[in-house]
file start_4.pdb (PDB, C-alpha atoms)
ATOM      1  CA  MET A 278     -26.272  -7.079  31.290
ATOM      2  CA  THR A 279     -25.184  -9.908  28.979
ATOM      3  CA  ALA A 280     -21.659  -9.434  27.663
ATOM      4  CA  PRO A 281     -21.461  -9.357  23.854
ATOM      5  CA  CYS A 282     -19.746 -12.202  22.007
ATOM      6  CA  LEU A 283     -16.435 -10.676  20.964
ATOM      7  CA  HIS A 284     -14.103 -13.692  20.902
ATOM      8  CA  HIS A 285     -14.706 -16.196  18.098
ATOM      9  CA  PRO A 286     -12.496 -19.308  18.399
ATOM     10  CA  ALA A 287     -11.211 -20.905  15.191
ATOM     11  CA  GLY A 288     -14.043 -22.593  13.317
ATOM     12  CA  SER A 289     -16.875 -20.725  15.022
ATOM     13  CA  LEU A 290     -17.183 -18.245  12.118
ATOM     14  CA  ALA A 291     -16.751 -20.887   9.406
ATOM     15  CA  SER A 292     -19.205 -21.397   6.557
ATOM     16  CA  THR A 293     -19.399 -23.970   3.783
ATOM     17  CA  ASP A 294     -16.639 -22.256   1.813
ATOM     18  CA  ASP A 295     -14.841 -20.083   4.351
ATOM     19  CA  LEU A 296     -12.666 -20.627   7.407
ATOM     20  CA  VAL A 297     -13.875 -17.199   8.553
ATOM     21  CA  ASP A 298     -17.056 -15.573   7.243
ATOM     22  CA  LEU A 299     -17.559 -12.426   9.314
ATOM     23  CA  THR A 300     -20.041  -9.884   7.934
ATOM     24  CA  PRO A 301     -20.797  -6.550   9.617
ATOM     25  CA  GLU A 302     -24.193  -7.953  10.594
ATOM     26  CA  ARG A 303     -22.630 -10.996  12.230
ATOM     27  CA  ALA A 304     -20.215  -8.744  14.118
ATOM     28  CA  GLY A 305     -23.096  -6.498  15.223
ATOM     29  CA  TRP A 306     -21.780  -3.304  13.677
ATOM     30  CA  ALA A 307     -21.843  -1.285  10.455
ATOM     31  CA  PHE A 308     -18.598  -1.355   8.464
ATOM     32  CA  THR A 309     -15.900  -4.023   8.753
ATOM     33  CA  GLY A 310     -15.915  -7.648   7.650
ATOM     34  CA  LEU A 311     -13.447 -10.461   7.042
ATOM     35  CA  GLN A 312     -13.297 -13.630   5.006
ATOM     36  CA  VAL A 313     -10.507 -16.182   5.265
ATOM     37  CA  PHE A 314     -10.589 -19.173   2.946
ATOM     38  CA  SER A 315      -8.317 -21.955   1.791
ATOM     39  CA  LEU A 316      -7.700 -22.263  -1.948
ATOM     40  CA  ALA A 317      -6.970 -25.622  -3.515
ATOM     41  CA  PRO A 318      -4.063 -25.471  -6.007
ATOM     42  CA  ASP A 319      -5.176 -24.072  -9.387
ATOM     43  CA  VAL A 320      -8.853 -23.909  -8.353
ATOM     44  CA  GLU A 321     -10.571 -20.556  -8.899
ATOM     45  CA  ARG A 322     -12.540 -18.706  -6.242
ATOM     46  CA  SER A 323     -14.830 -15.773  -7.153
ATOM     47  CA  ASN A 324     -16.157 -13.080  -4.816
ATOM     48  CA  SER A 325     -18.644 -10.239  -5.309
ATOM     49  CA  LEU A 326     -18.298  -7.218  -3.080
ATOM     50  CA  ASP A 327     -21.514  -5.191  -3.444
ATOM     51  CA  ASP A 328     -21.175  -2.131  -1.165
ATOM     52  CA  SER A 329     -17.750  -2.996   0.324
ATOM     53  CA  GLU A 330     -14.191  -2.354  -0.774
ATOM     54  CA  ALA A 331     -11.632  -5.033   0.038
ATOM     55  CA  VAL A 332      -8.013  -6.119   0.070
ATOM     56  CA  VAL A 333      -6.806  -9.517  -1.126
ATOM     57  CA  LEU A 334      -4.009 -10.519   1.272
ATOM     58  CA  PRO A 335      -2.218 -13.872   0.884
ATOM     59  CA  LEU A 336      -1.592 -15.528   4.243
ATOM     60  CA  SER A 337      -0.098 -18.836   3.129
ATOM     61  CA  ALA A 338      -0.637 -18.867  -0.646
ATOM     62  CA  GLU A 339       1.866 -18.126  -3.410
ATOM     63  CA  ASP A 340       1.800 -17.376  -7.134
ATOM     64  CA  LEU A 341      -1.701 -15.901  -7.222
ATOM     65  CA  THR A 342      -3.591 -14.516 -10.200
ATOM     66  CA  VAL A 343      -6.448 -12.100  -9.481
ATOM     67  CA  GLN A 344      -8.797 -10.900 -12.205
ATOM     68  CA  CYS A 345     -10.793  -7.745 -11.441
ATOM     69  CA  ASP A 346     -12.436  -5.034 -13.554
ATOM     70  CA  GLY A 347     -11.046  -6.502 -16.773
ATOM     71  CA  GLU A 348      -7.456  -6.516 -15.469
ATOM     72  CA  THR A 349      -5.238  -9.383 -14.383
ATOM     73  CA  PHE A 350      -2.918  -8.928 -11.416
ATOM     74  CA  HIS A 351      -0.156 -11.283 -10.238
ATOM     75  CA  LEU A 352       0.668 -11.603  -6.544
ATOM     76  CA  ASP A 353       3.786 -13.403  -5.335
ATOM     77  CA  GLY A 354       2.157 -14.060  -1.962
ATOM     78  CA  ARG A 355       3.992 -16.004   0.729
ATOM     79  CA  ALA A 356       4.160 -19.452   2.264
ATOM     80  CA  SER A 357       3.542 -18.146   5.792
ATOM     81  CA  VAL A 358       2.739 -14.916   7.622
ATOM     82  CA  PHE A 359       5.822 -15.722   9.706
ATOM     83  CA  GLY A 360       8.022 -15.973   6.608
ATOM     84  CA  ARG A 361       7.838 -12.635   4.845
ATOM     85  CA  VAL A 362       5.822  -9.521   4.054
ATOM     86  CA  SER A 363       3.347 -10.119   1.228
ATOM     87  CA  ASP A 364       2.176  -8.081  -1.699
ATOM     88  CA  PHE A 365      -1.586  -7.473  -1.918
ATOM     89  CA  LEU A 366      -4.401  -6.162  -4.102
ATOM     90  CA  TYR A 367      -6.948  -3.447  -3.319
ATOM     91  CA  VAL A 368     -10.352  -4.255  -4.873
ATOM     92  CA  PRO A 369     -13.089  -1.595  -5.210
ATOM     93  CA  ARG A 370     -16.723  -1.914  -4.190
ATOM     94  CA  ASP A 371     -19.329  -3.139  -6.698
ATOM     95  CA  SER A 372     -16.825  -5.484  -8.308
ATOM     96  CA  THR A 373     -16.415  -9.201  -8.819
ATOM     97  CA  PHE A 374     -12.949 -10.725  -8.674
ATOM     98  CA  THR A 375     -11.531 -14.196  -9.253
ATOM     99  CA  ILE A 376      -8.498 -15.653  -7.451
ATOM    100  CA  ARG A 377      -6.311 -18.617  -8.375
ATOM    101  CA  SER A 378      -3.095 -19.847  -6.746
ATOM    102  CA  SER A 379      -0.741 -22.455  -8.166
ATOM    103  CA  THR A 380       0.217 -23.578  -4.648
ATOM    104  CA  GLY A 381      -3.126 -23.105  -2.910
ATOM    105  CA  GLY A 382      -3.306 -21.918   0.677
ATOM    106  CA  ARG A 383      -5.012 -19.384   2.880
ATOM    107  CA  VAL A 384      -6.121 -15.960   1.660
ATOM    108  CA  ALA A 385      -7.718 -13.156   3.674
ATOM    109  CA  ILE A 386     -10.287 -10.761   2.226
ATOM    110  CA  ALA A 387     -10.592  -7.783   4.575
ATOM    111  CA  MET A 388     -13.578  -5.554   3.794
ATOM    112  CA  ALA A 389     -15.209  -2.248   4.703
ATOM    113  CA  ARG A 390     -18.502  -0.788   3.559
ATOM    114  CA  CYS A 391     -17.848   2.500   1.815
ATOM    115  CA  PRO A 392     -19.558   5.147  -0.348
ATOM    116  CA  ASP A 393     -16.886   5.522  -3.037
ATOM    117  CA  ARG A 394     -15.924   3.245  -5.892
ATOM    118  CA  LEU A 395     -12.213   3.621  -6.527
ATOM    119  CA  THR A 396      -9.779   1.674  -8.729
ATOM    120  CA  ALA A 397      -8.222  -1.760  -8.325
ATOM    121  CA  ARG A 398      -4.558  -1.296  -7.385
ATOM    122  CA  TYR A 399      -1.605  -3.598  -6.713
ATOM    123  CA  GLY A 400       0.563  -3.128  -3.599
ATOM    124  CA  PRO A 401       4.159  -4.405  -3.987
ATOM    125  CA  ALA A 402       5.684  -6.038  -0.918
ATOM    126  CA  GLU A 403       8.914  -4.071  -1.263
ATOM    127  CA  PHE A 404       7.009  -0.798  -0.796
ATOM    128  CA  VAL A 405       5.310  -1.891   2.452
ATOM    129  CA  PRO A 406       6.782   0.001   5.446
ATOM    130  CA  VAL A 407       7.854  -2.260   8.305
ATOM    131  CA  GLU A 408       7.940  -0.469  11.660
ATOM    132  CA  THR A 409       9.554  -1.476  14.934
ATOM    133  CA  ARG A 410       7.272  -0.197  17.695
ATOM    134  CA  GLY A 411       7.746  -0.114  21.471
ATOM    135  CA  ALA A 412      10.838  -1.258  23.369
ATOM    136  CA  GLY A 413      12.015  -3.932  25.759
ATOM    137  CA  PRO A 414       9.405  -6.687  26.186
ATOM    138  CA  ALA A 415       6.849  -4.504  24.380
ATOM    139  CA  THR A 416       8.843  -4.496  21.124
ATOM    140  CA  ARG A 417       6.783  -5.640  18.128
ATOM    141  CA  GLN A 418       6.648  -5.336  14.350
ATOM    142  CA  VAL A 419       3.926  -3.342  12.610
ATOM    143  CA  THR A 420       3.587  -4.037   8.890
ATOM    144  CA  ASN A 421       1.812  -0.933   7.587
ATOM    145  CA  PHE A 422       0.629  -2.296   4.267
ATOM    146  CA  MET A 423      -2.687  -0.433   4.242
ATOM    147  CA  SER A 424      -2.531   2.239   6.910
ATOM    148  CA  PRO A 425      -3.890   5.701   5.954
ATOM    149  CA  GLU A 426      -0.391   7.191   5.787
ATOM    150  CA  THR A 427       1.051   4.527   3.504
ATOM    151  CA  TRP A 428      -1.986   3.579   1.390
ATOM    152  CA  PRO A 429      -4.172   6.575   0.452
ATOM    153  CA  TYR A 430      -6.006   4.620  -2.262
ATOM    154  CA  ALA A 431      -9.017   3.457  -0.197
ATOM    155  CA  SER A 432     -12.287   4.990   0.923
ATOM    156  CA  LYS A 433     -12.777   3.511   4.430
ATOM    157  CA  LEU A 434     -10.666   0.374   4.789
ATOM    158  CA  MET A 435      -7.511   0.345   6.946
ATOM    159  CA  CYS A 436      -5.343  -2.713   7.638
ATOM    160  CA  VAL A 437      -2.023  -3.496   9.301
ATOM    161  CA  GLU A 438      -0.270  -6.681  10.417
ATOM    162  CA  LEU A 439       1.399  -7.193  13.792
ATOM    163  CA  LEU A 440       4.132  -9.694  14.636
ATOM    164  CA  THR A 441       5.024 -10.178  18.294
ATOM    165  CA  PRO A 442       8.082 -12.274  19.253
ATOM    166  CA  ASP A 443       7.487 -15.049  21.753
ATOM    167  CA  GLY A 444       7.321 -13.689  25.302
ATOM    168  CA  ASN A 445       6.602 -10.102  24.185
ATOM    169  CA  TRP A 446       3.552  -7.836  24.526
ATOM    170  CA  SER A 447       1.854  -5.790  21.794
ATOM    171  CA  SER A 448      -1.220  -3.551  21.493
ATOM    172  CA  TYR A 449       0.142  -1.994  24.631
ATOM    173  CA  PRO A 450      -0.534   0.262  26.474
ATOM    174  CA  PRO A 451      -4.275  -0.500  26.184
ATOM    175  CA  HIS A 452      -5.940   1.989  23.878
ATOM    176  CA  ARG A 453      -9.291   2.706  22.266
ATOM    177  CA  HIS A 454     -10.838   4.432  19.263
ATOM    178  CA  ASP A 455     -14.578   4.580  19.836
ATOM    179  CA  ASP A 456     -17.330   7.163  20.317
ATOM    180  CA  SER A 457     -15.969   8.304  23.697
ATOM    181  CA  PRO A 458     -15.548  12.098  23.992
ATOM    182  CA  ASP A 459     -11.770  11.778  24.461
ATOM    183  CA  CYS A 460     -11.213   9.721  21.288
ATOM    184  CA  PRO A 461     -10.220  11.494  18.044
ATOM    185  CA  VAL A 462     -11.844   8.862  15.789
ATOM    186  CA  ASN A 463     -14.330   6.015  16.074
ATOM    187  CA  ASN A 464     -13.331   2.706  14.428
ATOM    188  CA  GLU A 465     -14.572  -0.859  14.558
ATOM    189  CA  GLU A 466     -11.647  -3.282  14.667
ATOM    190  CA  ILE A 467     -11.153  -6.957  13.846
ATOM    191  CA  TYR A 468      -8.226  -9.029  15.098
ATOM    192  CA  PHE A 469      -7.437 -12.215  13.160
ATOM    193  CA  PHE A 470      -4.782 -14.290  14.923
ATOM    194  CA  SER A 471      -2.206 -16.810  13.804
ATOM    195  CA  ILE A 472       0.233 -18.440  16.201
ATOM    196  CA  GLY A 473       3.619 -19.778  15.103
ATOM    197  CA  ARG A 474       6.447 -21.847  16.564
ATOM    198  CA  ALA A 475       9.245 -19.482  17.590
ATOM    199  CA  GLY A 476      12.422 -19.890  15.561
ATOM    200  CA  THR A 477      10.518 -21.110  12.488
ATOM    201  CA  SER A 478       7.981 -19.830   9.979
ATOM    202  CA  ASP A 479       5.589 -22.656  10.868
ATOM    203  CA  VAL A 480       2.077 -22.255  12.238
ATOM    204  CA  ASP A 481       1.568 -24.158  15.495
ATOM    205  CA  ALA A 482      -1.948 -25.408  16.275
ATOM    206  CA  GLN A 483      -0.969 -25.970  19.916
ATOM    207  CA  GLY A 484       0.422 -22.455  20.348
ATOM    208  CA  PHE A 485      -1.436 -19.711  22.159
ATOM    209  CA  GLY A 486      -1.383 -16.152  23.431
ATOM    210  CA  ILE A 487      -3.554 -13.816  25.501
ATOM    211  CA  HIS A 488      -5.761 -10.900  24.437
ATOM    212  CA  ARG A 489      -7.650  -8.393  26.600
ATOM    213  CA  THR A 490     -10.479  -5.972  25.716
ATOM    214  CA  TYR A 491     -12.391  -4.001  28.358
ATOM    215  CA  THR A 492     -14.579  -0.965  28.934
ATOM    216  CA  PRO A 493     -13.872   1.522  31.737
ATOM    217  CA  PRO A 494     -16.190   1.457  34.769
ATOM    218  CA  ALA A 495     -19.435   3.401  34.575
ATOM    219  CA  ALA A 496     -20.457   5.881  37.280
ATOM    220  CA  ASP A 497     -22.019   3.057  39.292
ATOM    221  CA  GLY A 498     -18.859   0.947  39.030
ATOM    222  CA  SER A 499     -20.271  -1.527  36.494
ATOM    223  CA  VAL A 500     -18.408  -2.495  33.323
ATOM    224  CA  GLU A 501     -19.969  -3.534  30.029
ATOM    225  CA  PHE A 502     -17.284  -6.139  29.394
ATOM    226  CA  ASP A 503     -13.805  -7.130  30.541
ATOM    227  CA  GLN A 504     -12.641 -10.083  28.475
ATOM    228  CA  ASN A 505      -9.293 -11.804  28.974
ATOM    229  CA  VAL A 506      -9.092 -14.699  26.543
ATOM    230  CA  VAL A 507      -6.678 -17.318  25.277
ATOM    231  CA  VAL A 508      -6.252 -16.931  21.506
ATOM    232  CA  ARG A 509      -5.033 -19.614  19.138
ATOM    233  CA  ASP A 510      -4.343 -19.949  15.439
ATOM    234  CA  GLY A 511      -7.413 -18.892  13.420
ATOM    235  CA  ASP A 512      -9.208 -17.066  16.254
ATOM    236  CA  VAL A 513     -11.014 -13.771  15.649
ATOM    237  CA  PHE A 514     -11.693 -11.014  18.163
ATOM    238  CA  CYS A 515     -14.085  -8.134  17.410
ATOM    239  CA  VAL A 516     -13.569  -4.795  19.164
ATOM    240  CA  PRO A 517     -16.649  -2.569  18.887
ATOM    241  CA  ARG A 518     -15.488  -0.147  21.605
ATOM    242  CA  GLY A 519     -13.449   0.031  24.760
ATOM    243  CA  TYR A 520      -9.765  -0.399  25.489
ATOM    244  CA  HIS A 521      -7.952  -3.267  23.807
ATOM    245  CA  GLY A 522      -4.592  -4.652  24.770
ATOM    246  CA  PRO A 523      -2.367  -6.188  25.610
ATOM    247  CA  CYS A 524      -1.833  -9.063  23.234
ATOM    248  CA  VAL A 525       0.737 -11.373  24.832
ATOM    249  CA  ALA A 526       2.719 -14.003  22.930
ATOM    250  CA  ALA A 527       3.415 -17.024  25.128
ATOM    251  CA  PRO A 528       7.068 -18.084  25.402
ATOM    252  CA  GLY A 529       7.865 -20.426  22.525
ATOM    253  CA  TYR A 530       5.138 -19.042  20.249
ATOM    254  CA  THR A 531       5.232 -16.080  17.872
ATOM    255  CA  MET A 532       1.965 -14.146  17.559
ATOM    256  CA  TYR A 533       0.585 -12.692  14.325
ATOM    257  CA  TYR A 534      -2.585 -10.705  13.910
ATOM    258  CA  LEU A 535      -4.247  -8.900  11.055
ATOM    259  CA  ASN A 536      -6.048  -5.723  12.141
ATOM    260  CA  VAL A 537      -8.998  -4.550  10.018
ATOM    261  CA  LEU A 538     -10.481  -1.135  10.823
ATOM    262  CA  ALA A 539     -13.162   1.215   9.486
ATOM    263  CA  GLY A 540     -15.636   3.660  10.936
ATOM    264  CA  PRO A 541     -18.115   6.443  10.250
ATOM    265  CA  GLY A 542     -15.585   9.270  10.003
ATOM    266  CA  SER A 543     -15.080  11.094   6.720
ATOM    267  CA  GLU A 544     -11.291  10.662   6.960
ATOM    268  CA  ARG A 545      -9.385   7.405   7.338
ATOM    269  CA  SER A 546      -7.487   7.587  10.615
ATOM    270  CA  MET A 547      -6.054   5.068  13.054
ATOM    271  CA  ALA A 548      -5.675   7.625  15.840
ATOM    272  CA  PHE A 549      -6.341   6.348  19.368
ATOM    273  CA  CYS A 550      -6.216   7.312  23.021
ATOM    274  CA  ASP A 551      -4.469   5.288  25.722
ATOM    275  CA  ASP A 552      -5.994   4.133  28.970
ATOM    276  CA  PRO A 553      -4.706   7.015  31.121
ATOM    277  CA  ALA A 554      -3.811   4.599  33.914
ATOM    278  CA  HIS A 555      -1.127   3.031  31.709
ATOM    279  CA  HIS A 556      -0.071   5.863  29.377
ATOM    280  CA  TRP A 557       3.092   6.413  31.448
ATOM    281  CA  VAL A 558       4.489   3.133  30.116
ATOM    282  CA  ARG A 559       5.292   4.792  26.784
ATOM    283  CA  ASP A 560       7.687   7.193  28.513
ATOM    284  CA  SER A 561       9.593   4.267  30.031
ATOM    285  CA  TRP A 562      10.564   2.964  26.600
ATOM    286  CA  SER A 563      13.092   5.755  26.054
ATOM    287  CA  ALA A 564      15.409   4.041  28.559
ATOM    288  CA  MET A 565      15.038   0.586  26.977
ATOM    289  CA  ALA A 566      16.626  -1.046  23.971
ATOM    290  CA  THR A 567      14.387  -2.556  21.326
ATOM    291  CA  ASP A 568      14.240  -6.322  21.047
ATOM    292  CA  PRO A 569      16.890  -7.293  18.435
ATOM    293  CA  ARG A 570      14.570  -9.985  17.035
ATOM    294  CA  VAL A 571      12.397  -7.243  15.535
ATOM    295  CA  PRO A 572      11.682  -6.833  12.678
ATOM    296  CA  LEU A 573      10.835 -10.504  12.288
ATOM    297  CA  THR A 574      10.036 -10.344   8.566
ATOM    298  CA  SER A 575      10.613  -8.215   5.498
ATOM    299  CA  ALA A 576       9.748  -8.295   1.814
ATOM    300  CA  ALA A 577      12.934 -10.294   1.198
ATOM    301  CA  ALA A 578      13.296 -14.062   1.497
ATOM    302  CA  PRO A 579      12.419 -15.463   4.937
ATOM    303  CA  ARG A 580      14.984 -14.879   7.636
ATOM    304  CA  LYS A 581      15.774 -17.156  10.545
ATOM    305  CA  LEU A 582      13.732 -16.175  13.617
ATOM    306  CA  SER A 583      16.280 -16.625  16.386
TER
END
call {"tool": "encode", "arguments": {"input": "start_4.pdb", "output": "structure tokens"}}
result
Amino acid sequence: MTAPCLHHPAGSLASTDDLVDLTPERAGWAFTGLQVFSLAPDVERSNSLDDSEAVVLPLSAEDLTVQCDGETFHLDGRASVFGRVSDFLYVPRDSTFTIRSSTGGRVAIAMARCPDRLTARYGPAEFVPVETRGAGPATRQVTNFMSPETWPYASKLMCVELLTPDGNWSSYPPHRHDDSPDCPVNNEEIYFFSIGRAGTSDVDAQGFGIHRTYTPPAADGSVEFDQNVVVRDGDVFCVPRGYHGPCVAAPGYTMYYLNVLAGPGSERSMAFCDDPAHHWVRDSWSAMATDPRVPLTSAAAPRKLS
């Protein structure tokens, strides 16, 4: 059996206009997609969504104006994903929107095919919950800007951001949310990575981390895939099924990833089930302190990452 292509190194999903142009068809599934593009200062970019809802999320762009459905929205944005939590804009399906940034920079458009047309809505950065998850070397930050619990104003789309201090592990224990009988929901998931230099808010093109995704053995002992890959700034990993995790930030390099999820269920849910071989790790956290470096960012001005 040929293993599916799940890991897409930076540039491999690029198109004429996009740094990342990942459609559901290109991913080999039904719902989720992702565009990442670089805006030139004060140059407009227009997108049409058709049957997908989306979120406009600044990665390294500031002072953005987004026009959608006859309304104009202003986003403060941010200079770096390692600098602060950003505001964002939810955009409904069957709409066309135009983006402009006075500074230029990278913007992510996370998408999910959906049946319902809702209303464009602004998400202020100061209302985004920032969670410290795990403990010890598995301490990480989860920025729940568009999780089902914190953002009920979407049909299918779910998104969160993860920040992992250098040397730490995240997406751990390994977990899955697929069509397995033991899973409460079935979601496709996209990981979009950025790697930074620890102690700064700078992206580091030489930085790296590790990501693992695998399926459990079948009755005959075979596995569909077991991929352990080096990830760098701009890489994408698609998780159609199976356990995913850990993500490991190499010493000296902070790891960021944007998670984009959607699936066939009638309710938005990010529920999951752990690999039972490693579930016990969660219980060990009660005896550990959390890493004092976390949270790494907030909606306030950038803090020193020390």
call {"tool": "closest_residue", "arguments": {"input": "start_4.pdb", "among": "A:Phe549, A:Phe359, A:Tyr533, A:Phe350", "to": "Arg377 (chain A)", "atoms": "all atoms listed in the file"}}
result
A:Phe350
call {"tool": "resolve_selection", "arguments": {"input": "start_4.pdb", "expression": "the PyMOL selection byres ((chain A and resi 314) around 12)", "output": "NGL selection string"}}
result
:A and (288 or 290-299 or 311-313 or 315-317 or 321-324 or 333-338 or 376 or 381-387 or 511)
call {"tool": "residues_around", "arguments": {"input": "start_4.pdb", "residues": "region 464-474 of chain A", "least_positions_apart": "3", "cutoff": "6 Å", "atoms": "only C-alpha atoms", "output": "list in words"}}
result
His454, Asp455, Thr477, Asp479, Val480, Asp481, Gly484, Asp510, Gly511, Asp512, Val513, Phe514, Cys515, Val516, Pro517, Tyr530, Thr531, Met532, Tyr533, Tyr534, Leu535, Asn536, Val537, Leu538, Ala539 and Gly540 of chain A
call {"tool": "resolve_selection", "arguments": {"input": "start_4.pdb", "expression": "the PyMOL selection byres ((chain A and resi 492) around 6)", "output": "list in words"}}
result
Tyr491, Pro493, Phe502, Gly519 and Tyr520 of chain A
call {"tool": "closest_residue", "arguments": {"input": "start_4.pdb", "among": "A:Cys550, A:Ala431, A:Gly529, A:Pro401", "to": "Ser363 (chain A)", "atoms": "all atoms listed in the file"}}
result
A:Pro401
call {"tool": "residues_near_point", "arguments": {"input": "start_4.pdb", "point": "(14.7, -9.1, 14.5)", "cutoff": "12 Å", "atoms": "all atoms listed in the file", "output": "ChimeraX atom specification"}}
result
/A:407-409,416-418,440-443,476,567-575,579-583
call {"tool": "atom_distance", "arguments": {"input": "start_4.pdb", "atom1": "CA of Pro494 (chain A)", "atom2": "CA of Leu439 (chain A)"}}
result
28.7 Å
